[in-house]
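Input: a single structure, listed below in structure tokens.
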Amino acid sequence: MLEVKSLYVSYGGVQALTNVSVHVKEGEFVSLIGSNGAGKTTLLNSIMNIVGRQKGSALFQGKEVSKVSTADMVTRGVALVPEGRRVFSNMSVRENLEMGGFKRPVSEVKAKLAEVTEMFPVLGDRASQMAGMLSGGEQQMLAIGRALMSAPKILLMDEPSMGLAPLVIKEVYEKLKVLAESGLTILLVEQNASIALKYAQRGYVLENGRIIMQGKASELLGDNEVKRAYLGKEYKEKWER
Ligand SMILES: Nc1ncnc2c1ncn2[C@@H]1O[C@H](COP(=O)(O)OP(=O)(O)OP(=O)(O)O)[C@@H](O)[C@H]1O
Ligand SMILES: [Mg+2]
């Protein structure tokens, strides 16, 4: 469904991505893990054509999309839930959701709104409150809901666990699981390797802008190098005691 081929991105002198190739099949849940500064956000922003590339191509549903505007990427069915959520704090929850559907006809927006608030009841309950009043977890749900308003075929998720407590992280991932089971394709990037790989079917490891490993998520989770480099404290507690 989505295929990124030999992608190179640099910011001035900083080479952020080098020869990155990633693909996601229809219906798959794929996680790409990597530490701080590995290039995860750059990859998603490049797919959305928010940042430009030096080399490489991106195909979505078999069509070259590397020159398509960001707004048209959304229209074609690619939605990004950005790092740090970026909800519009001074707008109501409902307005935030409506913003996500801005490319759609009014009748469709209404139907989507009903669907999204059924999926995330808290967004319905708090529809008229300012988004800035929501907790971090609720804001993450809102950011996901906003992306769903554009009726995406694939959801790109940037670091959904960021700044959230473990129980809330689990809640967010359980929602992603439901969405995946309903047929939505997901490409997620995370520093939190253990949860990202636990919920995905397939995974990639990005280090210093290069893919250094890929495979079934369960195999990556069991890999000693991945454990040492990315499972950190949790790994030490489980295996090094
Ligand atoms: N706008 C920018 N201008 C210059 N350098 C940038 C810019 N954005 C990112 N970089 C650099 O590109 C590299 C990759 O950054 P990126 O934000 O993609 O990493 P990341 O994996 O998302 O990190 P994090 O886990 O902290 O979100 C880093 O070296 C970063 O400093
Ligand atoms: Mg990032």
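Numbering starts fresh at 1 for the residues of each chain in the structure tokens, the chains themselves are lettered A, B, ... in the order given, and ligands are numbered from 1 as they appear.
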With 10 Å as the cut-off and only C-alpha atoms and all ligand atoms counted, what is the closest atom pair between each nearby residue of chain A and ligand 2? Distances in Å to one decimal, ordered by chain and number, as JSON lines.
{"residue": "A:Gly34", "atom": "CA", "partner": "ligand 2", "partner_atom_place_in_ligand_line": "1 (Mg)", "distance": 9.2}
{"residue": "A:Ser35", "atom": "CA", "partner": "ligand 2", "partner_atom_place_in_ligand_line": "1 (Mg)", "distance": 8.9}
{"residue": "A:Asn36", "atom": "CA", "partner": "ligand 2", "partner_atom_place_in_ligand_line": "1 (Mg)", "distance": 7.1}
{"residue": "A:Gly37", "atom": "CA", "partner": "ligand 2", "partner_atom_place_in_ligand_line": "1 (Mg)", "distance": 6.8}
{"residue": "A:Ala38", "atom": "CA", "partner": "ligand 2", "partner_atom_place_in_ligand_line": "1 (Mg)", "distance": 8.0}
{"residue": "A:Gly39", "atom": "CA", "partner": "ligand 2", "partner_atom_place_in_ligand_line": "1 (Mg)", "distance": 6.8}
{"residue": "A:Lys40", "atom": "CA", "partner": "ligand 2", "partner_atom_place_in_ligand_line": "1 (Mg)", "distance": 5.3}
{"residue": "A:Thr41", "atom": "CA", "partner": "ligand 2", "partner_atom_place_in_ligand_line": "1 (Mg)", "distance": 4.0}
{"residue": "A:Thr42", "atom": "CA", "partner": "ligand 2", "partner_atom_place_in_ligand_line": "1 (Mg)", "distance": 7.2}
{"residue": "A:Leu43", "atom": "CA", "partner": "ligand 2", "partner_atom_place_in_ligand_line": "1 (Mg)", "distance": 9.1}
{"residue": "A:Leu44", "atom": "CA", "partner": "ligand 2", "partner_atom_place_in_ligand_line": "1 (Mg)", "distance": 9.0}
{"residue": "A:Asn45", "atom": "CA", "partner": "ligand 2", "partner_atom_place_in_ligand_line": "1 (Mg)", "distance": 9.7}
{"residue": "A:Pro82", "atom": "CA", "partner": "ligand 2", "partner_atom_place_in_ligand_line": "1 (Mg)", "distance": 8.9}
{"residue": "A:Glu83", "atom": "CA", "partner": "ligand 2", "partner_atom_place_in_ligand_line": "1 (Mg)", "distance": 6.2}
{"residue": "A:Gly84", "atom": "CA", "partner": "ligand 2", "partner_atom_place_in_ligand_line": "1 (Mg)", "distance": 8.8}
{"residue": "A:Asp158", "atom": "CA", "partner": "ligand 2", "partner_atom_place_in_ligand_line": "1 (Mg)", "distance": 6.7}
{"residue": "A:Glu159", "atom": "CA", "partner": "ligand 2", "partner_atom_place_in_ligand_line": "1 (Mg)", "distance": 6.8}
{"residue": "A:Met162", "atom": "CA", "partner": "ligand 2", "partner_atom_place_in_ligand_line": "1 (Mg)", "distance": 9.7}
{"residue": "A:Val189", "atom": "CA", "partner": "ligand 2", "partner_atom_place_in_ligand_line": "1 (Mg)", "distance": 8.0}
{"residue": "A:Glu190", "atom": "CA", "partner": "ligand 2", "partner_atom_place_in_ligand_line": "1 (Mg)", "distance": 7.9}
{"residue": "A:Gln191", "atom": "CA", "partner": "ligand 2", "partner_atom_place_in_ligand_line": "1 (Mg)", "distance": 8.5}
Could you write out that same residue set with N, CA and C atoms as a CSV table (one decimal), in the first residue's frame?
chain,number,residue,atom,x,y,z
A,34,GLY,N,13.4,3.6,17.0
A,34,GLY,CA,14.7,4.2,16.9
A,34,GLY,C,14.8,5.2,18.1
A,35,SER,N,16.1,5.5,18.5
A,35,SER,CA,16.2,6.4,19.6
A,35,SER,C,16.1,7.9,19.1
A,36,ASN,N,16.2,8.8,20.1
A,36,ASN,CA,16.2,10.2,19.9
A,36,ASN,C,17.1,10.7,18.7
A,37,GLY,N,16.5,11.3,17.8
A,37,GLY,CA,17.3,11.9,16.7
A,37,GLY,C,17.6,10.9,15.6
A,38,ALA,N,17.0,9.7,15.6
A,38,ALA,CA,17.3,8.6,14.6
A,38,ALA,C,16.8,9.0,13.2
A,39,GLY,N,15.7,9.8,13.2
A,39,GLY,CA,15.2,10.2,11.9
A,39,GLY,C,13.7,9.8,11.7
A,40,LYS,N,13.1,9.4,12.8
A,40,LYS,CA,11.7,8.8,12.7
A,40,LYS,C,10.7,9.9,12.2
A,41,THR,N,10.7,11.0,12.9
A,41,THR,CA,9.8,12.1,12.5
A,41,THR,C,10.1,12.6,11.1
A,42,THR,N,11.4,12.6,10.7
A,42,THR,CA,11.8,13.0,9.4
A,42,THR,C,11.2,12.0,8.3
A,43,LEU,N,11.2,10.8,8.6
A,43,LEU,CA,10.6,9.8,7.7
A,43,LEU,C,9.1,10.1,7.5
A,44,LEU,N,8.3,10.2,8.6
A,44,LEU,CA,6.9,10.5,8.4
A,44,LEU,C,6.6,11.8,7.7
A,45,ASN,N,7.4,12.8,8.1
A,45,ASN,CA,7.2,14.1,7.5
A,45,ASN,C,7.6,14.1,6.0
A,82,PRO,N,0.7,13.8,14.4
A,82,PRO,CA,2.1,14.3,14.6
A,82,PRO,C,2.7,14.1,16.0
A,83,GLU,N,4.0,14.2,16.1
A,83,GLU,CA,4.7,14.1,17.3
A,83,GLU,C,4.2,15.2,18.3
A,84,GLY,N,4.0,14.9,19.5
A,84,GLY,CA,3.5,15.9,20.5
A,84,GLY,C,2.1,16.3,20.3
A,158,ASP,N,3.2,9.3,15.0
A,158,ASP,CA,4.5,9.7,15.5
A,158,ASP,C,4.6,9.7,17.0
A,159,GLU,N,5.2,8.7,17.6
A,159,GLU,CA,5.5,8.7,19.0
A,159,GLU,C,4.3,8.9,19.9
A,162,MET,N,4.6,9.4,23.8
A,162,MET,CA,5.4,10.5,24.4
A,162,MET,C,4.7,11.2,25.5
A,189,VAL,N,5.9,5.2,14.5
A,189,VAL,CA,7.3,5.3,14.9
A,189,VAL,C,7.4,5.6,16.4
A,190,GLU,N,8.4,5.1,17.0
A,190,GLU,CA,8.4,5.2,18.5
A,190,GLU,C,9.9,5.0,19.0
A,191,GLN,N,10.1,5.7,20.1
A,191,GLN,CA,11.3,5.4,20.9
A,191,GLN,C,11.0,4.2,21.8
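Between CA of Leu155 (chain A) and CA of Asn208 (chain A) there is a distance of 24.1 Å.
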Subject >> For Arg53 (chain A): contacts at 8 Å, only C-alpha atoms, fewer than 5 positions along chain excluded, given as a list in words >> reply: Leu7, Tyr8, Val9, Ser10 and Ser46 of chain A
Quick one: write out the picked residues with N, CA, C and O atoms as a PDB file, in the first residue's frame?
ATOM      1  N   LEU A   7      15.227   6.381   0.348  1.00  0.00           N
ATOM      2  CA  LEU A   7      14.997   7.778   0.703  1.00  0.00           C
ATOM      3  C   LEU A   7      16.229   8.405   1.362  1.00  0.00           C
ATOM      4  O   LEU A   7      16.818   7.836   2.279  1.00  0.00           O
ATOM      5  N   TYR A   8      16.594   9.579   0.854  1.00  0.00           N
ATOM      6  CA  TYR A   8      17.669  10.384   1.452  1.00  0.00           C
ATOM      7  C   TYR A   8      17.093  11.754   1.787  1.00  0.00           C
ATOM      8  O   TYR A   8      16.500  12.393   0.924  1.00  0.00           O
ATOM      9  N   VAL A   9      17.261  12.176   3.040  1.00  0.00           N
ATOM     10  CA  VAL A   9      16.817  13.511   3.442  1.00  0.00           C
ATOM     11  C   VAL A   9      17.928  14.176   4.232  1.00  0.00           C
ATOM     12  O   VAL A   9      18.540  13.547   5.106  1.00  0.00           O
ATOM     13  N   SER A  10      18.198  15.435   3.928  1.00  0.00           N
ATOM     14  CA  SER A  10      19.165  16.163   4.767  1.00  0.00           C
ATOM     15  C   SER A  10      18.616  17.535   5.091  1.00  0.00           C
ATOM     16  O   SER A  10      17.813  18.108   4.355  1.00  0.00           O
ATOM     17  N   SER A  46       8.514  13.256   5.673  1.00  0.00           N
ATOM     18  CA  SER A  46       8.890  13.121   4.271  1.00  0.00           C
ATOM     19  C   SER A  46       7.792  12.401   3.482  1.00  0.00           C
ATOM     20  O   SER A  46       7.467  12.789   2.357  1.00  0.00           O
TER      21      SER A  46
END
Original post:
Nearest to Arg94 (chain A) among A:Gly56, A:Gly62, A:Pro166, A:Gly145, with distances taken over only C-alpha atoms: which residue is it?
Top reply: A:Gly145
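Among the candidates A:Gly137, A:Gly12, A:Gly132, A:Gly222, the residue lying nearest to Glu171 (chain A) is A:Gly137 (atoms considered: only C-alpha atoms).
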**OP:** Tell me which of A:Ile33, A:Ile211, A:Ser92, A:Lys170 sits closest to ligand 1, counting only C-alpha atoms and all ligand atoms.
**Re:** A:Ile33
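The shortest atom-to-atom distance to Val24 (chain A), with only C-alpha atoms taken into account, belongs to A:Ile186 out of A:Ile144, A:Val93, A:Ile186, A:Ile169.
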**OP:** Write out as an NGL selection string which residues come within 12 Å of Val106 (chain A) when counting only C-alpha atoms, dropping same-chain ones fewer than 6 positions away.
**Re:** :A and (98-99 or 112-113 or 149-150)
Hey, can you spit out that residue selection with N, CA and C atoms as a PDB file, in the first residue's frame?
ATOM      1  N   GLU A  98     -13.461  18.648  13.573  1.00  0.00           N
ATOM      2  CA  GLU A  98     -13.948  19.160  12.280  1.00  0.00           C
ATOM      3  C   GLU A  98     -12.789  19.589  11.384  1.00  0.00           C
ATOM      4  N   MET A  99     -11.738  20.137  12.001  1.00  0.00           N
ATOM      5  CA  MET A  99     -10.555  20.530  11.221  1.00  0.00           C
ATOM      6  C   MET A  99      -9.977  19.334  10.467  1.00  0.00           C
ATOM      7  N   LYS A 112     -18.752  11.044  10.169  1.00  0.00           N
ATOM      8  CA  LYS A 112     -17.432  10.695  10.724  1.00  0.00           C
ATOM      9  C   LYS A 112     -17.350  11.097  12.191  1.00  0.00           C
ATOM     10  N   LEU A 113     -17.903  12.274  12.479  1.00  0.00           N
ATOM     11  CA  LEU A 113     -17.882  12.782  13.850  1.00  0.00           C
ATOM     12  C   LEU A 113     -18.587  11.784  14.778  1.00  0.00           C
ATOM     13  N   MET A 149     -10.871  11.662  11.022  1.00  0.00           N
ATOM     14  CA  MET A 149     -11.904  12.466  10.365  1.00  0.00           C
ATOM     15  C   MET A 149     -11.675  12.588   8.864  1.00  0.00           C
ATOM     16  N   SER A 150     -10.435  12.402   8.425  1.00  0.00           N
ATOM     17  CA  SER A 150     -10.176  12.500   6.985  1.00  0.00           C
ATOM     18  C   SER A 150     -10.376  11.152   6.289  1.00  0.00           C
TER      19      SER A 150
END
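Residues with any atom within 6 Å of region 64-73 of chain A, counting only C-alpha atoms and excluding same-chain neighbours fewer than 4 positions away, are Met48, Asn49, Ser57, Ala58, Leu59 and Val78 of chain A.
The shortest atom-to-atom distance to ligand 1, with only C-alpha atoms and all ligand atoms taken into account, belongs to A:Glu207 out of A:Asp125, A:Glu207, A:Glu174, A:Glu108.
When only C-alpha atoms and all ligand atoms are used to measure the gap to ligand 1, the shortest distance among A:Ala165, A:Ala217, A:Ala193, A:Val30 belongs to A:Ala193.
The spacing separating CA of Ser194 (chain A) from atom 24 (P, counted along the ligand's line) of ligand 1 amounts to 16.1 Å.
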Subject >> Those of region 70-239 of chain A in DSSP strand (DSSP E or B), formatted as a PyMOL selection string >> reply: chain A and resi 78-81+92+130+154-158+185-190+202-207+210-216
I'd like to know which residues of region 151-198 of chain A are alpha helix (DSSP H) (by DSSP, run on the backbone); could you write them as a PDB file with all heavy atoms, in the first residue's frame?
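Saved file states35.pdb follows:
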ATOM      1  N   PRO A 166       2.327   4.892  31.795  1.00  0.00           N
ATOM      2  CA  PRO A 166       2.204   3.547  31.223  1.00  0.00           C
ATOM      3  C   PRO A 166       0.770   3.066  31.004  1.00  0.00           C
ATOM      4  O   PRO A 166       0.471   2.507  29.945  1.00  0.00           O
ATOM      5  CB  PRO A 166       2.928   2.665  32.238  1.00  0.00           C
ATOM      6  CG  PRO A 166       3.946   3.567  32.855  1.00  0.00           C
ATOM      7  CD  PRO A 166       3.320   4.934  32.898  1.00  0.00           C
ATOM      8  N   LEU A 167      -0.101   3.323  31.954  1.00  0.00           N
ATOM      9  CA  LEU A 167      -1.486   2.845  31.791  1.00  0.00           C
ATOM     10  C   LEU A 167      -2.197   3.561  30.652  1.00  0.00           C
ATOM     11  O   LEU A 167      -2.991   2.975  29.919  1.00  0.00           O
ATOM     12  CB  LEU A 167      -2.275   3.075  33.081  1.00  0.00           C
ATOM     13  CG  LEU A 167      -2.294   1.916  34.067  1.00  0.00           C
ATOM     14  CD1 LEU A 167      -3.082   2.299  35.313  1.00  0.00           C
ATOM     15  CD2 LEU A 167      -2.894   0.662  33.419  1.00  0.00           C
ATOM     16  N   VAL A 168      -1.891   4.846  30.505  1.00  0.00           N
ATOM     17  CA  VAL A 168      -2.508   5.646  29.447  1.00  0.00           C
ATOM     18  C   VAL A 168      -1.945   5.212  28.089  1.00  0.00           C
ATOM     19  O   VAL A 168      -2.670   5.120  27.098  1.00  0.00           O
ATOM     20  CB  VAL A 168      -2.259   7.152  29.696  1.00  0.00           C
ATOM     21  CG1 VAL A 168      -2.905   8.000  28.621  1.00  0.00           C
ATOM     22  CG2 VAL A 168      -2.766   7.548  31.073  1.00  0.00           C
ATOM     23  N   ILE A 169      -0.641   4.932  28.064  1.00  0.00           N
ATOM     24  CA  ILE A 169      -0.016   4.440  26.827  1.00  0.00           C
ATOM     25  C   ILE A 169      -0.737   3.174  26.375  1.00  0.00           C
ATOM     26  O   ILE A 169      -1.071   3.013  25.204  1.00  0.00           O
ATOM     27  CB  ILE A 169       1.487   4.145  27.049  1.00  0.00           C
ATOM     28  CG1 ILE A 169       2.245   5.443  27.357  1.00  0.00           C
ATOM     29  CG2 ILE A 169       2.092   3.447  25.836  1.00  0.00           C
ATOM     30  CD1 ILE A 169       3.701   5.236  27.730  1.00  0.00           C
ATOM     31  N   LYS A 170      -1.013   2.306  27.324  1.00  0.00           N
ATOM     32  CA  LYS A 170      -1.678   1.053  26.981  1.00  0.00           C
ATOM     33  C   LYS A 170      -3.067   1.322  26.400  1.00  0.00           C
ATOM     34  O   LYS A 170      -3.464   0.705  25.400  1.00  0.00           O
ATOM     35  CB  LYS A 170      -1.767   0.156  28.219  1.00  0.00           C
ATOM     36  CG  LYS A 170      -2.358  -1.181  27.919  1.00  0.00           C
ATOM     37  CD  LYS A 170      -1.938  -2.267  28.896  1.00  0.00           C
ATOM     38  CE  LYS A 170      -2.404  -3.608  28.419  1.00  0.00           C
ATOM     39  NZ  LYS A 170      -3.696  -4.045  28.956  1.00  0.00           N
ATOM     40  N   GLU A 171      -3.771   2.262  27.004  1.00  0.00           N
ATOM     41  CA  GLU A 171      -5.112   2.626  26.506  1.00  0.00           C
ATOM     42  C   GLU A 171      -5.051   3.097  25.054  1.00  0.00           C
ATOM     43  O   GLU A 171      -5.878   2.723  24.226  1.00  0.00           O
ATOM     44  CB  GLU A 171      -5.652   3.794  27.326  1.00  0.00           C
ATOM     45  CG  GLU A 171      -6.734   3.464  28.311  1.00  0.00           C
ATOM     46  CD  GLU A 171      -7.141   4.716  29.078  1.00  0.00           C
ATOM     47  OE1 GLU A 171      -7.745   5.616  28.478  1.00  0.00           O
ATOM     48  OE2 GLU A 171      -6.801   4.793  30.280  1.00  0.00           O
ATOM     49  N   VAL A 172      -4.047   3.950  24.768  1.00  0.00           N
ATOM     50  CA  VAL A 172      -3.894   4.468  23.411  1.00  0.00           C
ATOM     51  C   VAL A 172      -3.621   3.310  22.442  1.00  0.00           C
ATOM     52  O   VAL A 172      -4.248   3.206  21.386  1.00  0.00           O
ATOM     53  CB  VAL A 172      -2.752   5.513  23.349  1.00  0.00           C
ATOM     54  CG1 VAL A 172      -2.439   5.891  21.901  1.00  0.00           C
ATOM     55  CG2 VAL A 172      -3.110   6.760  24.157  1.00  0.00           C
ATOM     56  N   TYR A 173      -2.714   2.429  22.819  1.00  0.00           N
ATOM     57  CA  TYR A 173      -2.377   1.308  21.934  1.00  0.00           C
ATOM     58  C   TYR A 173      -3.546   0.343  21.759  1.00  0.00           C
ATOM     59  O   TYR A 173      -3.713  -0.251  20.688  1.00  0.00           O
ATOM     60  CB  TYR A 173      -1.123   0.573  22.425  1.00  0.00           C
ATOM     61  CG  TYR A 173       0.139   1.187  21.868  1.00  0.00           C
ATOM     62  CD1 TYR A 173       0.741   2.285  22.479  1.00  0.00           C
ATOM     63  CD2 TYR A 173       0.717   0.700  20.697  1.00  0.00           C
ATOM     64  CE1 TYR A 173       1.880   2.861  21.956  1.00  0.00           C
ATOM     65  CE2 TYR A 173       1.855   1.278  20.165  1.00  0.00           C
ATOM     66  CZ  TYR A 173       2.437   2.354  20.796  1.00  0.00           C
ATOM     67  OH  TYR A 173       3.564   2.927  20.261  1.00  0.00           O
ATOM     68  N   GLU A 174      -4.358   0.191  22.802  1.00  0.00           N
ATOM     69  CA  GLU A 174      -5.532  -0.680  22.660  1.00  0.00           C
ATOM     70  C   GLU A 174      -6.495  -0.103  21.618  1.00  0.00           C
ATOM     71  O   GLU A 174      -7.108  -0.847  20.858  1.00  0.00           O
ATOM     72  CB  GLU A 174      -6.241  -0.866  24.008  1.00  0.00           C
ATOM     73  CG  GLU A 174      -5.493  -1.811  24.962  1.00  0.00           C
ATOM     74  CD  GLU A 174      -5.409  -3.253  24.443  1.00  0.00           C
ATOM     75  OE1 GLU A 174      -6.395  -3.758  23.886  1.00  0.00           O
ATOM     76  OE2 GLU A 174      -4.324  -3.869  24.585  1.00  0.00           O
ATOM     77  N   LYS A 175      -6.594   1.227  21.572  1.00  0.00           N
ATOM     78  CA  LYS A 175      -7.433   1.861  20.548  1.00  0.00           C
ATOM     79  C   LYS A 175      -6.842   1.613  19.162  1.00  0.00           C
ATOM     80  O   LYS A 175      -7.566   1.336  18.202  1.00  0.00           O
ATOM     81  CB  LYS A 175      -7.549   3.372  20.790  1.00  0.00           C
ATOM     82  CG  LYS A 175      -8.380   3.748  21.990  1.00  0.00           C
ATOM     83  CD  LYS A 175      -9.857   3.453  21.768  1.00  0.00           C
ATOM     84  CE  LYS A 175     -10.689   3.945  22.949  1.00  0.00           C
ATOM     85  NZ  LYS A 175     -12.086   3.478  22.887  1.00  0.00           N
ATOM     86  N   LEU A 176      -5.525   1.730  19.069  1.00  0.00           N
ATOM     87  CA  LEU A 176      -4.880   1.493  17.770  1.00  0.00           C
ATOM     88  C   LEU A 176      -5.125   0.053  17.320  1.00  0.00           C
ATOM     89  O   LEU A 176      -5.336  -0.218  16.139  1.00  0.00           O
ATOM     90  CB  LEU A 176      -3.373   1.767  17.856  1.00  0.00           C
ATOM     91  CG  LEU A 176      -2.997   3.237  18.096  1.00  0.00           C
ATOM     92  CD1 LEU A 176      -1.478   3.381  18.227  1.00  0.00           C
ATOM     93  CD2 LEU A 176      -3.507   4.123  16.952  1.00  0.00           C
ATOM     94  N   LYS A 177      -5.122  -0.841  18.292  1.00  0.00           N
ATOM     95  CA  LYS A 177      -5.360  -2.248  17.982  1.00  0.00           C
ATOM     96  C   LYS A 177      -6.759  -2.447  17.395  1.00  0.00           C
ATOM     97  O   LYS A 177      -6.932  -3.157  16.406  1.00  0.00           O
ATOM     98  CB  LYS A 177      -5.194  -3.068  19.270  1.00  0.00           C
ATOM     99  CG  LYS A 177      -5.278  -4.550  19.083  1.00  0.00           C
ATOM    100  CD  LYS A 177      -5.023  -5.238  20.419  1.00  0.00           C
ATOM    101  CE  LYS A 177      -5.369  -6.704  20.332  1.00  0.00           C
ATOM    102  NZ  LYS A 177      -5.232  -7.348  21.647  1.00  0.00           N
ATOM    103  N   VAL A 178      -7.741  -1.787  18.020  1.00  0.00           N
ATOM    104  CA  VAL A 178      -9.119  -1.882  17.520  1.00  0.00           C
ATOM    105  C   VAL A 178      -9.188  -1.330  16.090  1.00  0.00           C
ATOM    106  O   VAL A 178      -9.801  -1.926  15.199  1.00  0.00           O
ATOM    107  CB  VAL A 178     -10.094  -1.114  18.449  1.00  0.00           C
ATOM    108  CG1 VAL A 178     -11.486  -1.038  17.837  1.00  0.00           C
ATOM    109  CG2 VAL A 178     -10.137  -1.774  19.822  1.00  0.00           C
ATOM    110  N   LEU A 179      -8.517  -0.194  15.869  1.00  0.00           N
ATOM    111  CA  LEU A 179      -8.521   0.409  14.528  1.00  0.00           C
ATOM    112  C   LEU A 179      -7.869  -0.526  13.520  1.00  0.00           C
ATOM    113  O   LEU A 179      -8.363  -0.709  12.411  1.00  0.00           O
ATOM    114  CB  LEU A 179      -7.785   1.755  14.550  1.00  0.00           C
ATOM    115  CG  LEU A 179      -8.503   2.880  15.298  1.00  0.00           C
ATOM    116  CD1 LEU A 179      -7.576   4.072  15.502  1.00  0.00           C
ATOM    117  CD2 LEU A 179      -9.744   3.308  14.511  1.00  0.00           C
ATOM    118  N   ALA A 180      -6.758  -1.127  13.931  1.00  0.00           N
ATOM    119  CA  ALA A 180      -6.054  -2.053  13.033  1.00  0.00           C
ATOM    120  C   ALA A 180      -6.947  -3.251  12.715  1.00  0.00           C
ATOM    121  O   ALA A 180      -7.032  -3.690  11.569  1.00  0.00           O
ATOM    122  CB  ALA A 180      -4.743  -2.503  13.664  1.00  0.00           C
ATOM    123  N   GLU A 181      -7.634  -3.745  13.734  1.00  0.00           N
ATOM    124  CA  GLU A 181      -8.508  -4.909  13.522  1.00  0.00           C
ATOM    125  C   GLU A 181      -9.689  -4.570  12.628  1.00  0.00           C
ATOM    126  O   GLU A 181     -10.235  -5.435  11.962  1.00  0.00           O
ATOM    127  CB  GLU A 181      -8.995  -5.449  14.873  1.00  0.00           C
ATOM    128  CG  GLU A 181      -7.897  -6.249  15.569  1.00  0.00           C
ATOM    129  CD  GLU A 181      -8.194  -6.558  17.041  1.00  0.00           C
ATOM    130  OE1 GLU A 181      -9.235  -6.096  17.566  1.00  0.00           O
ATOM    131  OE2 GLU A 181      -7.371  -7.245  17.663  1.00  0.00           O
ATOM    132  N   ALA A 193      10.261   1.089  22.315  1.00  0.00           N
ATOM    133  CA  ALA A 193      10.320  -0.092  21.450  1.00  0.00           C
ATOM    134  C   ALA A 193       9.448  -1.229  21.950  1.00  0.00           C
ATOM    135  O   ALA A 193       8.815  -1.926  21.157  1.00  0.00           O
ATOM    136  CB  ALA A 193      11.763  -0.558  21.329  1.00  0.00           C
ATOM    137  N   SER A 194       9.396  -1.418  23.270  1.00  0.00           N
ATOM    138  CA  SER A 194       8.701  -2.609  23.759  1.00  0.00           C
ATOM    139  C   SER A 194       7.219  -2.561  23.425  1.00  0.00           C
ATOM    140  O   SER A 194       6.665  -3.541  22.923  1.00  0.00           O
ATOM    141  CB  SER A 194       8.931  -2.813  25.257  1.00  0.00           C
ATOM    142  OG  SER A 194       8.655  -1.623  25.946  1.00  0.00           O
ATOM    143  N   ILE A 195       6.576  -1.421  23.646  1.00  0.00           N
ATOM    144  CA  ILE A 195       5.138  -1.375  23.350  1.00  0.00           C
ATOM    145  C   ILE A 195       4.899  -1.325  21.844  1.00  0.00           C
ATOM    146  O   ILE A 195       3.995  -1.985  21.330  1.00  0.00           O
ATOM    147  CB  ILE A 195       4.424  -0.213  24.090  1.00  0.00           C
ATOM    148  CG1 ILE A 195       2.901  -0.332  23.951  1.00  0.00           C
ATOM    149  CG2 ILE A 195       4.850   1.149  23.578  1.00  0.00           C
ATOM    150  CD1 ILE A 195       2.182  -0.350  25.241  1.00  0.00           C
ATOM    151  N   ALA A 196       5.723  -0.588  21.125  1.00  0.00           N
ATOM    152  CA  ALA A 196       5.505  -0.454  19.674  1.00  0.00           C
ATOM    153  C   ALA A 196       5.623  -1.813  18.979  1.00  0.00           C
ATOM    154  O   ALA A 196       4.850  -2.123  18.076  1.00  0.00           O
ATOM    155  CB  ALA A 196       6.507   0.530  19.087  1.00  0.00           C
ATOM    156  N   LEU A 197       6.576  -2.611  19.402  1.00  0.00           N
ATOM    157  CA  LEU A 197       6.768  -3.919  18.765  1.00  0.00           C
ATOM    158  C   LEU A 197       5.736  -4.931  19.264  1.00  0.00           C
ATOM    159  O   LEU A 197       5.373  -5.865  18.554  1.00  0.00           O
ATOM    160  CB  LEU A 197       8.183  -4.439  19.006  1.00  0.00           C
ATOM    161  CG  LEU A 197       9.285  -3.648  18.276  1.00  0.00           C
ATOM    162  CD1 LEU A 197      10.669  -4.158  18.680  1.00  0.00           C
ATOM    163  CD2 LEU A 197       9.126  -3.716  16.749  1.00  0.00           C
ATOM    164  N   LYS A 198       5.275  -4.725  20.494  1.00  0.00           N
ATOM    165  CA  LYS A 198       4.282  -5.655  21.044  1.00  0.00           C
ATOM    166  C   LYS A 198       2.987  -5.619  20.225  1.00  0.00           C
ATOM    167  O   LYS A 198       2.342  -6.641  20.018  1.00  0.00           O
ATOM    168  CB  LYS A 198       3.992  -5.276  22.499  1.00  0.00           C
ATOM    169  CG  LYS A 198       3.124  -6.277  23.210  1.00  0.00           C
ATOM    170  CD  LYS A 198       2.957  -5.942  24.673  1.00  0.00           C
ATOM    171  CE  LYS A 198       1.730  -6.674  25.197  1.00  0.00           C
ATOM    172  NZ  LYS A 198       1.087  -5.952  26.294  1.00  0.00           N
TER     173      LYS A 198
END
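Atom to atom, CA of Phe120 (chain A) and CA of Leu32 (chain A) stand 25.4 Å apart.
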**OP:** Write out as a PyMOL selection string each polymer residue whose atoms come within 8 Å of Arg210 (chain A), counting only C-alpha atoms; drop sequence neighbours fewer than 4 positions from it.
**Re:** chain A and resi 17-20+206
Dump C-alpha atoms for the selected residues as a PDB file, in the first residue's frame?
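Wrote part-v8.pdb, looks like this:
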ATOM      1  CA  LEU A  17      17.960   9.719   6.423  1.00  0.00           C
ATOM      2  CA  THR A  18      20.254   7.592   4.294  1.00  0.00           C
ATOM      3  CA  ASN A  19      18.916   5.039   1.833  1.00  0.00           C
ATOM      4  CA  VAL A  20      15.775   4.273   3.843  1.00  0.00           C
ATOM      5  CA  LEU A 206      16.297   2.958  12.500  1.00  0.00           C
TER       6      LEU A 206
END
